[in-house]
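Asker: Pasting input25.pdb here (PDB, N, CA and C atoms):
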ATOM      1  N   MET A   1       0.830  -1.179   0.000  1.00  0.00           N
ATOM      2  CA  MET A   1       0.000   0.000   0.000  1.00  0.00           C
ATOM      3  C   MET A   1       0.874   1.241   0.000  1.00  0.00           C
ATOM      4  N   THR A   2       0.306   2.300  -0.569  1.00  0.00           N
ATOM      5  CA  THR A   2       1.031   3.560  -0.579  1.00  0.00           C
ATOM      6  C   THR A   2       0.487   4.472   0.512  1.00  0.00           C
ATOM      7  N   ASP A   3       1.195   5.547   0.739  1.00  0.00           N
ATOM      8  CA  ASP A   3       0.749   6.543   1.711  1.00  0.00           C
ATOM      9  C   ASP A   3      -0.047   7.654   1.032  1.00  0.00           C
ATOM     10  N   THR A   4      -0.218   7.544  -0.284  1.00  0.00           N
ATOM     11  CA  THR A   4      -0.943   8.563  -1.030  1.00  0.00           C
ATOM     12  C   THR A   4      -2.397   8.599  -0.583  1.00  0.00           C
ATOM     13  N   PRO A   5      -2.905   9.792  -0.253  1.00  0.00           N
ATOM     14  CA  PRO A   5      -4.328   9.877   0.101  1.00  0.00           C
ATOM     15  C   PRO A   5      -5.187   9.411  -1.079  1.00  0.00           C
ATOM     16  N   VAL A   6      -6.214   8.648  -0.784  1.00  0.00           N
ATOM     17  CA  VAL A   6      -7.057   8.071  -1.826  1.00  0.00           C
ATOM     18  C   VAL A   6      -7.634   9.149  -2.732  1.00  0.00           C
ATOM     19  N   ASN A   7      -8.037  10.275  -2.165  1.00  0.00           N
ATOM     20  CA  ASN A   7      -8.666  11.317  -2.974  1.00  0.00           C
ATOM     21  C   ASN A   7      -7.687  12.037  -3.899  1.00  0.00           C
ATOM     22  N   GLU A   8      -6.404  11.748  -3.789  1.00  0.00           N
ATOM     23  CA  GLU A   8      -5.399  12.334  -4.680  1.00  0.00           C
ATOM     24  C   GLU A   8      -4.919  11.345  -5.742  1.00  0.00           C
ATOM     25  N   MET A   9      -5.432  10.118  -5.702  1.00  0.00           N
ATOM     26  CA  MET A   9      -4.992   9.081  -6.639  1.00  0.00           C
ATOM     27  C   MET A   9      -5.701   9.200  -7.977  1.00  0.00           C
ATOM     28  N   THR A  10      -4.971   8.813  -9.023  1.00  0.00           N
ATOM     29  CA  THR A  10      -5.610   8.669 -10.322  1.00  0.00           C
ATOM     30  C   THR A  10      -6.422   7.378 -10.302  1.00  0.00           C
ATOM     31  N   PHE A  11      -7.265   7.199 -11.294  1.00  0.00           N
ATOM     32  CA  PHE A  11      -8.041   5.962 -11.388  1.00  0.00           C
ATOM     33  C   PHE A  11      -7.102   4.766 -11.427  1.00  0.00           C
ATOM     34  N   GLU A  12      -6.058   4.858 -12.222  1.00  0.00           N
ATOM     35  CA  GLU A  12      -5.130   3.743 -12.392  1.00  0.00           C
ATOM     36  C   GLU A  12      -4.415   3.396 -11.098  1.00  0.00           C
ATOM     37  N   GLN A  13      -3.992   4.418 -10.352  1.00  0.00           N
ATOM     38  CA  GLN A  13      -3.322   4.167  -9.071  1.00  0.00           C
ATOM     39  C   GLN A  13      -4.281   3.489  -8.086  1.00  0.00           C
ATOM     40  N   ALA A  14      -5.503   4.010  -8.010  1.00  0.00           N
ATOM     41  CA  ALA A  14      -6.487   3.455  -7.082  1.00  0.00           C
ATOM     42  C   ALA A  14      -6.841   2.019  -7.461  1.00  0.00           C
ATOM     43  N   MET A  15      -6.987   1.754  -8.737  1.00  0.00           N
ATOM     44  CA  MET A  15      -7.337   0.409  -9.181  1.00  0.00           C
ATOM     45  C   MET A  15      -6.211  -0.582  -8.868  1.00  0.00           C
ATOM     46  N   LYS A  16      -4.981  -0.171  -9.115  1.00  0.00           N
ATOM     47  CA  LYS A  16      -3.845  -1.054  -8.840  1.00  0.00           C
ATOM     48  C   LYS A  16      -3.751  -1.380  -7.351  1.00  0.00           C
ATOM     49  N   GLU A  17      -3.910  -0.362  -6.512  1.00  0.00           N
ATOM     50  CA  GLU A  17      -3.828  -0.608  -5.076  1.00  0.00           C
ATOM     51  C   GLU A  17      -5.018  -1.437  -4.602  1.00  0.00           C
ATOM     52  N   LEU A  18      -6.194  -1.201  -5.176  1.00  0.00           N
ATOM     53  CA  LEU A  18      -7.372  -1.989  -4.816  1.00  0.00           C
ATOM     54  C   LEU A  18      -7.139  -3.465  -5.140  1.00  0.00           C
ATOM     55  N   GLU A  19      -6.535  -3.757  -6.264  1.00  0.00           N
ATOM     56  CA  GLU A  19      -6.211  -5.146  -6.612  1.00  0.00           C
ATOM     57  C   GLU A  19      -5.277  -5.764  -5.579  1.00  0.00           C
ATOM     58  N   THR A  20      -4.302  -4.996  -5.113  1.00  0.00           N
ATOM     59  CA  THR A  20      -3.368  -5.481  -4.101  1.00  0.00           C
ATOM     60  C   THR A  20      -4.104  -5.770  -2.791  1.00  0.00           C
ATOM     61  N   VAL A  21      -4.998  -4.869  -2.400  1.00  0.00           N
ATOM     62  CA  VAL A  21      -5.772  -5.046  -1.166  1.00  0.00           C
ATOM     63  C   VAL A  21      -6.620  -6.311  -1.261  1.00  0.00           C
ATOM     64  N   VAL A  22      -7.308  -6.484  -2.379  1.00  0.00           N
ATOM     65  CA  VAL A  22      -8.161  -7.667  -2.558  1.00  0.00           C
ATOM     66  C   VAL A  22      -7.329  -8.938  -2.494  1.00  0.00           C
ATOM     67  N   ASP A  23      -6.175  -8.943  -3.143  1.00  0.00           N
ATOM     68  CA  ASP A  23      -5.295 -10.119  -3.110  1.00  0.00           C
ATOM     69  C   ASP A  23      -4.890 -10.463  -1.679  1.00  0.00           C
ATOM     70  N   GLN A  24      -4.526  -9.446  -0.908  1.00  0.00           N
ATOM     71  CA  GLN A  24      -4.108  -9.684   0.473  1.00  0.00           C
ATOM     72  C   GLN A  24      -5.263 -10.231   1.310  1.00  0.00           C
ATOM     73  N   LEU A  25      -6.444  -9.668   1.136  1.00  0.00           N
ATOM     74  CA  LEU A  25      -7.601 -10.140   1.899  1.00  0.00           C
ATOM     75  C   LEU A  25      -8.007 -11.554   1.495  1.00  0.00           C
ATOM     76  N   GLU A  26      -7.914 -11.865   0.203  1.00  0.00           N
ATOM     77  CA  GLU A  26      -8.277 -13.199  -0.264  1.00  0.00           C
ATOM     78  C   GLU A  26      -7.319 -14.266   0.249  1.00  0.00           C
ATOM     79  N   ARG A  27      -6.054 -13.920   0.384  1.00  0.00           N
ATOM     80  CA  ARG A  27      -5.081 -14.894   0.891  1.00  0.00           C
ATOM     81  C   ARG A  27      -5.373 -15.254   2.340  1.00  0.00           C
ATOM     82  N   GLY A  28      -5.902 -14.292   3.085  1.00  0.00           N
ATOM     83  CA  GLY A  28      -6.280 -14.552   4.465  1.00  0.00           C
ATOM     84  C   GLY A  28      -5.120 -14.699   5.423  1.00  0.00           C
ATOM     85  N   ASP A  29      -3.951 -14.256   5.026  1.00  0.00           N
ATOM     86  CA  ASP A  29      -2.791 -14.393   5.906  1.00  0.00           C
ATOM     87  C   ASP A  29      -2.439 -13.081   6.603  1.00  0.00           C
ATOM     88  N   VAL A  30      -3.441 -12.223   6.756  1.00  0.00           N
ATOM     89  CA  VAL A  30      -3.245 -10.925   7.391  1.00  0.00           C
ATOM     90  C   VAL A  30      -3.953 -10.950   8.746  1.00  0.00           C
ATOM     91  N   ALA A  31      -3.328 -10.383   9.750  1.00  0.00           N
ATOM     92  CA  ALA A  31      -3.929 -10.326  11.088  1.00  0.00           C
ATOM     93  C   ALA A  31      -5.256  -9.582  11.035  1.00  0.00           C
ATOM     94  N   LEU A  32      -6.113  -9.860  11.994  1.00  0.00           N
ATOM     95  CA  LEU A  32      -7.457  -9.289  12.019  1.00  0.00           C
ATOM     96  C   LEU A  32      -7.446  -7.767  11.945  1.00  0.00           C
ATOM     97  N   ASP A  33      -6.654  -7.108  12.776  1.00  0.00           N
ATOM     98  CA  ASP A  33      -6.601  -5.643  12.762  1.00  0.00           C
ATOM     99  C   ASP A  33      -6.144  -5.119  11.400  1.00  0.00           C
ATOM    100  N   ALA A  34      -5.144  -5.770  10.826  1.00  0.00           N
ATOM    101  CA  ALA A  34      -4.652  -5.367   9.510  1.00  0.00           C
ATOM    102  C   ALA A  34      -5.721  -5.616   8.452  1.00  0.00           C
ATOM    103  N   SER A  35      -6.482  -6.695   8.591  1.00  0.00           N
ATOM    104  CA  SER A  35      -7.559  -6.986   7.645  1.00  0.00           C
ATOM    105  C   SER A  35      -8.623  -5.898   7.671  1.00  0.00           C
ATOM    106  N   ILE A  36      -8.951  -5.434   8.869  1.00  0.00           N
ATOM    107  CA  ILE A  36      -9.949  -4.369   9.003  1.00  0.00           C
ATOM    108  C   ILE A  36      -9.439  -3.095   8.323  1.00  0.00           C
ATOM    109  N   ASN A  37      -8.176  -2.762   8.559  1.00  0.00           N
ATOM    110  CA  ASN A  37      -7.589  -1.580   7.919  1.00  0.00           C
ATOM    111  C   ASN A  37      -7.563  -1.734   6.406  1.00  0.00           C
ATOM    112  N   LEU A  38      -7.206  -2.923   5.929  1.00  0.00           N
ATOM    113  CA  LEU A  38      -7.194  -3.181   4.490  1.00  0.00           C
ATOM    114  C   LEU A  38      -8.593  -3.047   3.896  1.00  0.00           C
ATOM    115  N   TYR A  39      -9.580  -3.588   4.607  1.00  0.00           N
ATOM    116  CA  TYR A  39     -10.956  -3.516   4.126  1.00  0.00           C
ATOM    117  C   TYR A  39     -11.409  -2.055   4.019  1.00  0.00           C
ATOM    118  N   GLU A  40     -11.095  -1.254   5.032  1.00  0.00           N
ATOM    119  CA  GLU A  40     -11.473   0.157   5.008  1.00  0.00           C
ATOM    120  C   GLU A  40     -10.776   0.892   3.863  1.00  0.00           C
ATOM    121  N   ARG A  41      -9.496   0.609   3.661  1.00  0.00           N
ATOM    122  CA  ARG A  41      -8.749   1.235   2.557  1.00  0.00           C
ATOM    123  C   ARG A  41      -9.339   0.776   1.227  1.00  0.00           C
ATOM    124  N   GLY A  42      -9.668  -0.497   1.131  1.00  0.00           N
ATOM    125  CA  GLY A  42     -10.262  -1.030  -0.083  1.00  0.00           C
ATOM    126  C   GLY A  42     -11.595  -0.380  -0.407  1.00  0.00           C
ATOM    127  N   ALA A  43     -12.417  -0.146   0.605  1.00  0.00           N
ATOM    128  CA  ALA A  43     -13.711   0.509   0.391  1.00  0.00           C
ATOM    129  C   ALA A  43     -13.510   1.930  -0.137  1.00  0.00           C
ATOM    130  N   ALA A  44     -12.535   2.643   0.414  1.00  0.00           N
ATOM    131  CA  ALA A  44     -12.249   4.001  -0.045  1.00  0.00           C
ATOM    132  C   ALA A  44     -11.710   3.983  -1.478  1.00  0.00           C
ATOM    133  N   LEU A  45     -10.855   3.017  -1.784  1.00  0.00           N
ATOM    134  CA  LEU A  45     -10.310   2.895  -3.136  1.00  0.00           C
ATOM    135  C   LEU A  45     -11.410   2.565  -4.142  1.00  0.00           C
ATOM    136  N   LYS A  46     -12.316   1.685  -3.758  1.00  0.00           N
ATOM    137  CA  LYS A  46     -13.438   1.317  -4.635  1.00  0.00           C
ATOM    138  C   LYS A  46     -14.288   2.543  -4.940  1.00  0.00           C
ATOM    139  N   LYS A  47     -14.576   3.336  -3.918  1.00  0.00           N
ATOM    140  CA  LYS A  47     -15.375   4.544  -4.131  1.00  0.00           C
ATOM    141  C   LYS A  47     -14.644   5.512  -5.047  1.00  0.00           C
ATOM    142  N   ARG A  48     -13.342   5.658  -4.867  1.00  0.00           N
ATOM    143  CA  ARG A  48     -12.551   6.555  -5.721  1.00  0.00           C
ATOM    144  C   ARG A  48     -12.639   6.101  -7.173  1.00  0.00           C
ATOM    145  N   CYS A  49     -12.505   4.797  -7.415  1.00  0.00           N
ATOM    146  CA  CYS A  49     -12.593   4.270  -8.776  1.00  0.00           C
ATOM    147  C   CYS A  49     -13.977   4.529  -9.365  1.00  0.00           C
ATOM    148  N   GLU A  50     -15.027   4.284  -8.580  1.00  0.00           N
ATOM    149  CA  GLU A  50     -16.386   4.526  -9.053  1.00  0.00           C
ATOM    150  C   GLU A  50     -16.604   6.000  -9.388  1.00  0.00           C
ATOM    151  N   ASP A  51     -16.114   6.892  -8.541  1.00  0.00           N
ATOM    152  CA  ASP A  51     -16.263   8.328  -8.779  1.00  0.00           C
ATOM    153  C   ASP A  51     -15.530   8.758 -10.047  1.00  0.00           C
ATOM    154  N   GLU A  52     -14.319   8.249 -10.236  1.00  0.00           N
ATOM    155  CA  GLU A  52     -13.539   8.602 -11.423  1.00  0.00           C
ATOM    156  C   GLU A  52     -14.189   8.048 -12.695  1.00  0.00           C
ATOM    157  N   LEU A  53     -14.743   6.838 -12.623  1.00  0.00           N
ATOM    158  CA  LEU A  53     -15.440   6.272 -13.782  1.00  0.00           C
ATOM    159  C   LEU A  53     -16.685   7.092 -14.121  1.00  0.00           C
ATOM    160  N   LYS A  54     -17.416   7.507 -13.112  1.00  0.00           N
ATOM    161  CA  LYS A  54     -18.612   8.323 -13.341  1.00  0.00           C
ATOM    162  C   LYS A  54     -18.236   9.636 -13.993  1.00  0.00           C
ATOM    163  N   ARG A  55     -17.167  10.245 -13.503  1.00  0.00           N
ATOM    164  CA  ARG A  55     -16.709  11.514 -14.074  1.00  0.00           C
ATOM    165  C   ARG A  55     -16.320  11.336 -15.539  1.00  0.00           C
ATOM    166  N   ALA A  56     -15.638  10.250 -15.853  1.00  0.00           N
ATOM    167  CA  ALA A  56     -15.234   9.976 -17.232  1.00  0.00           C
ATOM    168  C   ALA A  56     -16.459   9.717 -18.109  1.00  0.00           C
ATOM    169  N   GLU A  57     -17.429   8.974 -17.598  1.00  0.00           N
ATOM    170  CA  GLU A  57     -18.644   8.702 -18.359  1.00  0.00           C
ATOM    171  C   GLU A  57     -19.394   9.994 -18.665  1.00  0.00           C
ATOM    172  N   GLU A  58     -19.425  10.911 -17.706  1.00  0.00           N
ATOM    173  CA  GLU A  58     -20.092  12.189 -17.925  1.00  0.00           C
ATOM    174  C   GLU A  58     -19.382  12.997 -19.006  1.00  0.00           C
ATOM    175  N   LYS A  59     -18.060  12.947 -19.022  1.00  0.00           N
ATOM    176  CA  LYS A  59     -17.309  13.652 -20.065  1.00  0.00           C
ATOM    177  C   LYS A  59     -17.599  13.056 -21.436  1.00  0.00           C
ATOM    178  N   VAL A  60     -17.624  11.736 -21.517  1.00  0.00           N
ATOM    179  CA  VAL A  60     -17.900  11.069 -22.793  1.00  0.00           C
ATOM    180  C   VAL A  60     -19.314  11.397 -23.255  1.00  0.00           C
ATOM    181  N   ALA A  61     -20.260  11.384 -22.337  1.00  0.00           N
ATOM    182  CA  ALA A  61     -21.650  11.676 -22.679  1.00  0.00           C
ATOM    183  C   ALA A  61     -21.815  13.110 -23.174  1.00  0.00           C
ATOM    184  N   ALA A  62     -20.912  14.000 -22.791  1.00  0.00           N
ATOM    185  CA  ALA A  62     -21.021  15.400 -23.169  1.00  0.00           C
ATOM    186  C   ALA A  62     -20.427  15.693 -24.544  1.00  0.00           C
ATOM    187  N   ILE A  63     -19.779  14.729 -25.167  1.00  0.00           N
ATOM    188  CA  ILE A  63     -19.185  14.944 -26.485  1.00  0.00           C
ATOM    189  C   ILE A  63     -20.314  15.051 -27.506  1.00  0.00           C
ATOM    190  N   THR A  64     -20.249  16.105 -28.312  1.00  0.00           N
ATOM    191  CA  THR A  64     -21.267  16.286 -29.345  1.00  0.00           C
ATOM    192  C   THR A  64     -20.707  15.844 -30.693  1.00  0.00           C
ATOM    193  N   LEU A  65     -21.586  15.287 -31.514  1.00  0.00           N
ATOM    194  CA  LEU A  65     -21.202  14.789 -32.834  1.00  0.00           C
ATOM    195  C   LEU A  65     -21.956  15.566 -33.903  1.00  0.00           C
ATOM    196  N   ASP A  66     -21.319  15.719 -35.067  1.00  0.00           N
ATOM    197  CA  ASP A  66     -22.030  16.329 -36.184  1.00  0.00           C
ATOM    198  C   ASP A  66     -22.779  15.251 -36.951  1.00  0.00           C
ATOM    199  N   GLY A  67     -23.403  15.594 -38.049  1.00  0.00           N
ATOM    200  CA  GLY A  67     -24.199  14.657 -38.832  1.00  0.00           C
ATOM    201  C   GLY A  67     -23.412  13.471 -39.346  1.00  0.00           C
ATOM    202  N   ASP A  68     -22.102  13.627 -39.511  1.00  0.00           N
ATOM    203  CA  ASP A  68     -21.248  12.534 -39.989  1.00  0.00           C
ATOM    204  C   ASP A  68     -20.695  11.684 -38.852  1.00  0.00           C
ATOM    205  N   GLY A  69     -21.024  12.044 -37.626  1.00  0.00           N
ATOM    206  CA  GLY A  69     -20.521  11.287 -36.482  1.00  0.00           C
ATOM    207  C   GLY A  69     -19.163  11.750 -36.001  1.00  0.00           C
ATOM    208  N   THR A  70     -18.704  12.906 -36.474  1.00  0.00           N
ATOM    209  CA  THR A  70     -17.420  13.453 -36.069  1.00  0.00           C
ATOM    210  C   THR A  70     -17.607  14.307 -34.814  1.00  0.00           C
ATOM    211  N   ALA A  71     -16.713  14.118 -33.854  1.00  0.00           N
ATOM    212  CA  ALA A  71     -16.785  14.906 -32.627  1.00  0.00           C
ATOM    213  C   ALA A  71     -16.551  16.371 -32.964  1.00  0.00           C
ATOM    214  N   THR A  72     -17.466  17.223 -32.509  1.00  0.00           N
ATOM    215  CA  THR A  72     -17.357  18.653 -32.804  1.00  0.00           C
ATOM    216  C   THR A  72     -17.098  19.486 -31.566  1.00  0.00           C
ATOM    217  N   GLY A  73     -17.188  18.926 -30.416  1.00  0.00           N
ATOM    218  CA  GLY A  73     -16.981  19.687 -29.197  1.00  0.00           C
ATOM    219  C   GLY A  73     -17.655  18.983 -28.042  1.00  0.00           C
ATOM    220  N   THR A  74     -17.822  19.709 -26.991  1.00  0.00           N
ATOM    221  CA  THR A  74     -18.466  19.131 -25.816  1.00  0.00           C
ATOM    222  C   THR A  74     -19.596  20.030 -25.369  1.00  0.00           C
ATOM    223  N   THR A  75     -20.520  19.427 -24.693  1.00  0.00           N
ATOM    224  CA  THR A  75     -21.624  20.145 -24.080  1.00  0.00           C
ATOM    225  C   THR A  75     -21.338  20.220 -22.595  1.00  0.00           C
ATOM    226  N   PRO A  76     -21.513  21.383 -21.983  1.00  0.00           N
ATOM    227  CA  PRO A  76     -21.257  21.460 -20.540  1.00  0.00           C
ATOM    228  C   PRO A  76     -22.104  20.458 -19.766  1.00  0.00           C
ATOM    229  N   VAL A  77     -21.477  19.837 -18.789  1.00  0.00           N
ATOM    230  CA  VAL A  77     -22.164  18.900 -17.914  1.00  0.00           C
ATOM    231  C   VAL A  77     -22.323  19.592 -16.573  1.00  0.00           C
ATOM    232  N   GLU A  78     -23.532  19.540 -16.017  1.00  0.00           N
ATOM    233  CA  GLU A  78     -23.771  20.191 -14.735  1.00  0.00           C
ATOM    234  C   GLU A  78     -22.837  19.636 -13.669  1.00  0.00           C
ATOM    235  N   GLY A  79     -22.338  20.519 -12.814  1.00  0.00           N
ATOM    236  CA  GLY A  79     -21.505  20.096 -11.700  1.00  0.00           C
ATOM    237  C   GLY A  79     -20.052  19.899 -12.053  1.00  0.00           C
ATOM    238  N   MET A  80     -19.673  20.166 -13.276  1.00  0.00           N
ATOM    239  CA  MET A  80     -18.275  19.985 -13.655  1.00  0.00           C
ATOM    240  C   MET A  80     -17.575  21.313 -13.721  1.00  0.00           C
TER
END
Would you encode the structure as structure tokens?

Answerer:
Amino acid sequence: MTDTPVNEMTFEQAMKELETVVDQLERGDVALDASINLYERGAALKKRCEDELKRAEEKVAAITLDGDGTATGTTPVEGM
């Protein structure tokens, strides 16, 4: 695990660390207290990934196309 705050991670960083957390929890060779900490970190990482995916989906949805299907710009998305 890194010391990087979850809210400062990119999607890729959060996903990679989440995979590491899941692997450690699945192996079951972590002490109970450490497992609880891992689970909490994993929950925060999962939320970060979900938030970043939602933000990306909103950006993609805002892309406008012309009659030929060519991207012509973006439409403002509320809250961005």

Asker: Using Å and a single decimal, report how far atom CA of Asp23 of chain A sits from atom CA of Ser35 of chain A.

Answerer: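 Result for atom CA of Ser35 of chain A versus atom CA of Asp23 of chain A: 11.4 Å, one decimal.
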
Asker: Please return, as an NGL selection string, all residues of chain A that DSSP assigns to strand (DSSP E) on the basis of the backbone.

Answerer: :A and (63-65 or 71-74)

Asker: Pull N, CA and C atoms from the residues just selected and write them as a short mmCIF file (atom, residue, chain, number, x, y, z; two decimals), in the frame of the given file.

Answerer:
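Contents of selection_22.cif, freshly written:
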data_model
loop_
_atom_site.label_atom_id
_atom_site.label_comp_id
_atom_site.auth_asym_id
_atom_site.auth_seq_id
_atom_site.Cartn_x
_atom_site.Cartn_y
_atom_site.Cartn_z
N ILE A 63 -19.78 14.73 -25.17
CA ILE A 63 -19.18 14.94 -26.48
C ILE A 63 -20.31 15.05 -27.51
N THR A 64 -20.25 16.10 -28.31
CA THR A 64 -21.27 16.29 -29.34
C THR A 64 -20.71 15.84 -30.69
N LEU A 65 -21.59 15.29 -31.51
CA LEU A 65 -21.20 14.79 -32.83
C LEU A 65 -21.96 15.57 -33.90
N ALA A 71 -16.71 14.12 -33.85
CA ALA A 71 -16.78 14.91 -32.63
C ALA A 71 -16.55 16.37 -32.96
N THR A 72 -17.47 17.22 -32.51
CA THR A 72 -17.36 18.65 -32.80
C THR A 72 -17.10 19.49 -31.57
N GLY A 73 -17.19 18.93 -30.42
CA GLY A 73 -16.98 19.69 -29.20
C GLY A 73 -17.66 18.98 -28.04
N THR A 74 -17.82 19.71 -26.99
CA THR A 74 -18.47 19.13 -25.82
C THR A 74 -19.60 20.03 -25.37
#

Asker: Determine, counting only N, CA and C atoms, which protein, DNA and RNA residues have an atom within 7 Å of an atom of Arg48 of chain A; residues of the same chain fewer than 2 positions away are not included. Present the result as a list in words.

Answerer: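 Within the cut-off, the hits are Val6, Asn7, Phe11, Ala14, Ala43, Ala44, Leu45, Lys46, Glu50, Asp51, Glu52 and Leu53 of chain A.
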
Asker: How many Å separate atom CA of Tyr39 of chain A from atom CA of Val21 of chain A?

Answerer: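 Atom CA of Tyr39 of chain A sits 7.6 Å away from atom CA of Val21 of chain A.
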
Asker: Could you tell me how far atom C of Glu57 of chain A sits from atom N of Gly73 of chain A, in Å to one decimal place?

Answerer: 14.9 Å

Asker: Taking the backbone alone, and naming residues the way the document does, which bits of chain A are alpha helix (DSSP H) by DSSP, as a compact mmCIF listing (two decimals) with N, CA and C atoms, in the coordinates of the input?

Answerer:
# COMPACT_ATOMS: atom_id res chain seq x y z
N PHE A 11 -7.26 7.20 -11.29
CA PHE A 11 -8.04 5.96 -11.39
C PHE A 11 -7.10 4.77 -11.43
N GLU A 12 -6.06 4.86 -12.22
CA GLU A 12 -5.13 3.74 -12.39
C GLU A 12 -4.42 3.40 -11.10
N GLN A 13 -3.99 4.42 -10.35
CA GLN A 13 -3.32 4.17 -9.07
C GLN A 13 -4.28 3.49 -8.09
N ALA A 14 -5.50 4.01 -8.01
CA ALA A 14 -6.49 3.46 -7.08
C ALA A 14 -6.84 2.02 -7.46
N MET A 15 -6.99 1.75 -8.74
CA MET A 15 -7.34 0.41 -9.18
C MET A 15 -6.21 -0.58 -8.87
N LYS A 16 -4.98 -0.17 -9.12
CA LYS A 16 -3.84 -1.05 -8.84
C LYS A 16 -3.75 -1.38 -7.35
N GLU A 17 -3.91 -0.36 -6.51
CA GLU A 17 -3.83 -0.61 -5.08
C GLU A 17 -5.02 -1.44 -4.60
N LEU A 18 -6.19 -1.20 -5.18
CA LEU A 18 -7.37 -1.99 -4.82
C LEU A 18 -7.14 -3.46 -5.14
N GLU A 19 -6.54 -3.76 -6.26
CA GLU A 19 -6.21 -5.15 -6.61
C GLU A 19 -5.28 -5.76 -5.58
N THR A 20 -4.30 -5.00 -5.11
CA THR A 20 -3.37 -5.48 -4.10
C THR A 20 -4.10 -5.77 -2.79
N VAL A 21 -5.00 -4.87 -2.40
CA VAL A 21 -5.77 -5.05 -1.17
C VAL A 21 -6.62 -6.31 -1.26
N VAL A 22 -7.31 -6.48 -2.38
CA VAL A 22 -8.16 -7.67 -2.56
C VAL A 22 -7.33 -8.94 -2.49
N ASP A 23 -6.18 -8.94 -3.14
CA ASP A 23 -5.30 -10.12 -3.11
C ASP A 23 -4.89 -10.46 -1.68
N GLN A 24 -4.53 -9.45 -0.91
CA GLN A 24 -4.11 -9.68 0.47
C GLN A 24 -5.26 -10.23 1.31
N LEU A 25 -6.44 -9.67 1.14
CA LEU A 25 -7.60 -10.14 1.90
C LEU A 25 -8.01 -11.55 1.50
N GLU A 26 -7.91 -11.86 0.20
CA GLU A 26 -8.28 -13.20 -0.26
C GLU A 26 -7.32 -14.27 0.25
N ARG A 27 -6.05 -13.92 0.38
CA ARG A 27 -5.08 -14.89 0.89
C ARG A 27 -5.37 -15.25 2.34
N LEU A 32 -6.11 -9.86 11.99
CA LEU A 32 -7.46 -9.29 12.02
C LEU A 32 -7.45 -7.77 11.94
N ASP A 33 -6.65 -7.11 12.78
CA ASP A 33 -6.60 -5.64 12.76
C ASP A 33 -6.14 -5.12 11.40
N ALA A 34 -5.14 -5.77 10.83
CA ALA A 34 -4.65 -5.37 9.51
C ALA A 34 -5.72 -5.62 8.45
N SER A 35 -6.48 -6.70 8.59
CA SER A 35 -7.56 -6.99 7.64
C SER A 35 -8.62 -5.90 7.67
N ILE A 36 -8.95 -5.43 8.87
CA ILE A 36 -9.95 -4.37 9.00
C ILE A 36 -9.44 -3.10 8.32
N ASN A 37 -8.18 -2.76 8.56
CA ASN A 37 -7.59 -1.58 7.92
C ASN A 37 -7.56 -1.73 6.41
N LEU A 38 -7.21 -2.92 5.93
CA LEU A 38 -7.19 -3.18 4.49
C LEU A 38 -8.59 -3.05 3.90
N TYR A 39 -9.58 -3.59 4.61
CA TYR A 39 -10.96 -3.52 4.13
C TYR A 39 -11.41 -2.06 4.02
N GLU A 40 -11.10 -1.25 5.03
CA GLU A 40 -11.47 0.16 5.01
C GLU A 40 -10.78 0.89 3.86
N ARG A 41 -9.50 0.61 3.66
CA ARG A 41 -8.75 1.24 2.56
C ARG A 41 -9.34 0.78 1.23
N GLY A 42 -9.67 -0.50 1.13
CA GLY A 42 -10.26 -1.03 -0.08
C GLY A 42 -11.60 -0.38 -0.41
N ALA A 43 -12.42 -0.15 0.60
CA ALA A 43 -13.71 0.51 0.39
C ALA A 43 -13.51 1.93 -0.14
N ALA A 44 -12.54 2.64 0.41
CA ALA A 44 -12.25 4.00 -0.04
C ALA A 44 -11.71 3.98 -1.48
N LEU A 45 -10.86 3.02 -1.78
CA LEU A 45 -10.31 2.90 -3.14
C LEU A 45 -11.41 2.56 -4.14
N LYS A 46 -12.32 1.68 -3.76
CA LYS A 46 -13.44 1.32 -4.64
C LYS A 46 -14.29 2.54 -4.94
N LYS A 47 -14.58 3.34 -3.92
CA LYS A 47 -15.38 4.54 -4.13
C LYS A 47 -14.64 5.51 -5.05
N ARG A 48 -13.34 5.66 -4.87
CA ARG A 48 -12.55 6.56 -5.72
C ARG A 48 -12.64 6.10 -7.17
N CYS A 49 -12.50 4.80 -7.42
CA CYS A 49 -12.59 4.27 -8.78
C CYS A 49 -13.98 4.53 -9.36
N GLU A 50 -15.03 4.28 -8.58
CA GLU A 50 -16.39 4.53 -9.05
C GLU A 50 -16.60 6.00 -9.39
N ASP A 51 -16.11 6.89 -8.54
CA ASP A 51 -16.26 8.33 -8.78
C ASP A 51 -15.53 8.76 -10.05
N GLU A 52 -14.32 8.25 -10.24
CA GLU A 52 -13.54 8.60 -11.42
C GLU A 52 -14.19 8.05 -12.70
N LEU A 53 -14.74 6.84 -12.62
CA LEU A 53 -15.44 6.27 -13.78
C LEU A 53 -16.68 7.09 -14.12
N LYS A 54 -17.42 7.51 -13.11
CA LYS A 54 -18.61 8.32 -13.34
C LYS A 54 -18.24 9.64 -13.99
N ARG A 55 -17.17 10.24 -13.50
CA ARG A 55 -16.71 11.51 -14.07
C ARG A 55 -16.32 11.34 -15.54
N ALA A 56 -15.64 10.25 -15.85
CA ALA A 56 -15.23 9.98 -17.23
C ALA A 56 -16.46 9.72 -18.11
N GLU A 57 -17.43 8.97 -17.60
CA GLU A 57 -18.64 8.70 -18.36
C GLU A 57 -19.39 9.99 -18.66
N GLU A 58 -19.42 10.91 -17.71
CA GLU A 58 -20.09 12.19 -17.92
C GLU A 58 -19.38 13.00 -19.01
N LYS A 59 -18.06 12.95 -19.02
CA LYS A 59 -17.31 13.65 -20.07
C LYS A 59 -17.60 13.06 -21.44
N VAL A 60 -17.62 11.74 -21.52
CA VAL A 60 -17.90 11.07 -22.79
C VAL A 60 -19.31 11.40 -23.26
N ALA A 61 -20.26 11.38 -22.34
CA ALA A 61 -21.65 11.68 -22.68
C ALA A 61 -21.82 13.11 -23.17

Asker: Just checking: using only C-alpha atoms, which residue out of A:Ala56, A:Cys49, A:Leu65, A:Ala71 ends up closest to Glu8 of chain A?

Answerer: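 Among the listed residues, the smallest separation from Glu8 of chain A belongs to A:Cys49.
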
Asker: Kindly compute an axis-aligned box around the listed atoms of segment 64-74 of chain A, allowing 8 Å on each side, and express its centre and edge lengths in Å to one decimal as AutoDock Vina command-line options.

Answerer:
--center_x -20.4 --center_y 15.7 --center_z -32.7 --size_x 23.6 --size_y 24.7 --size_z 30.6
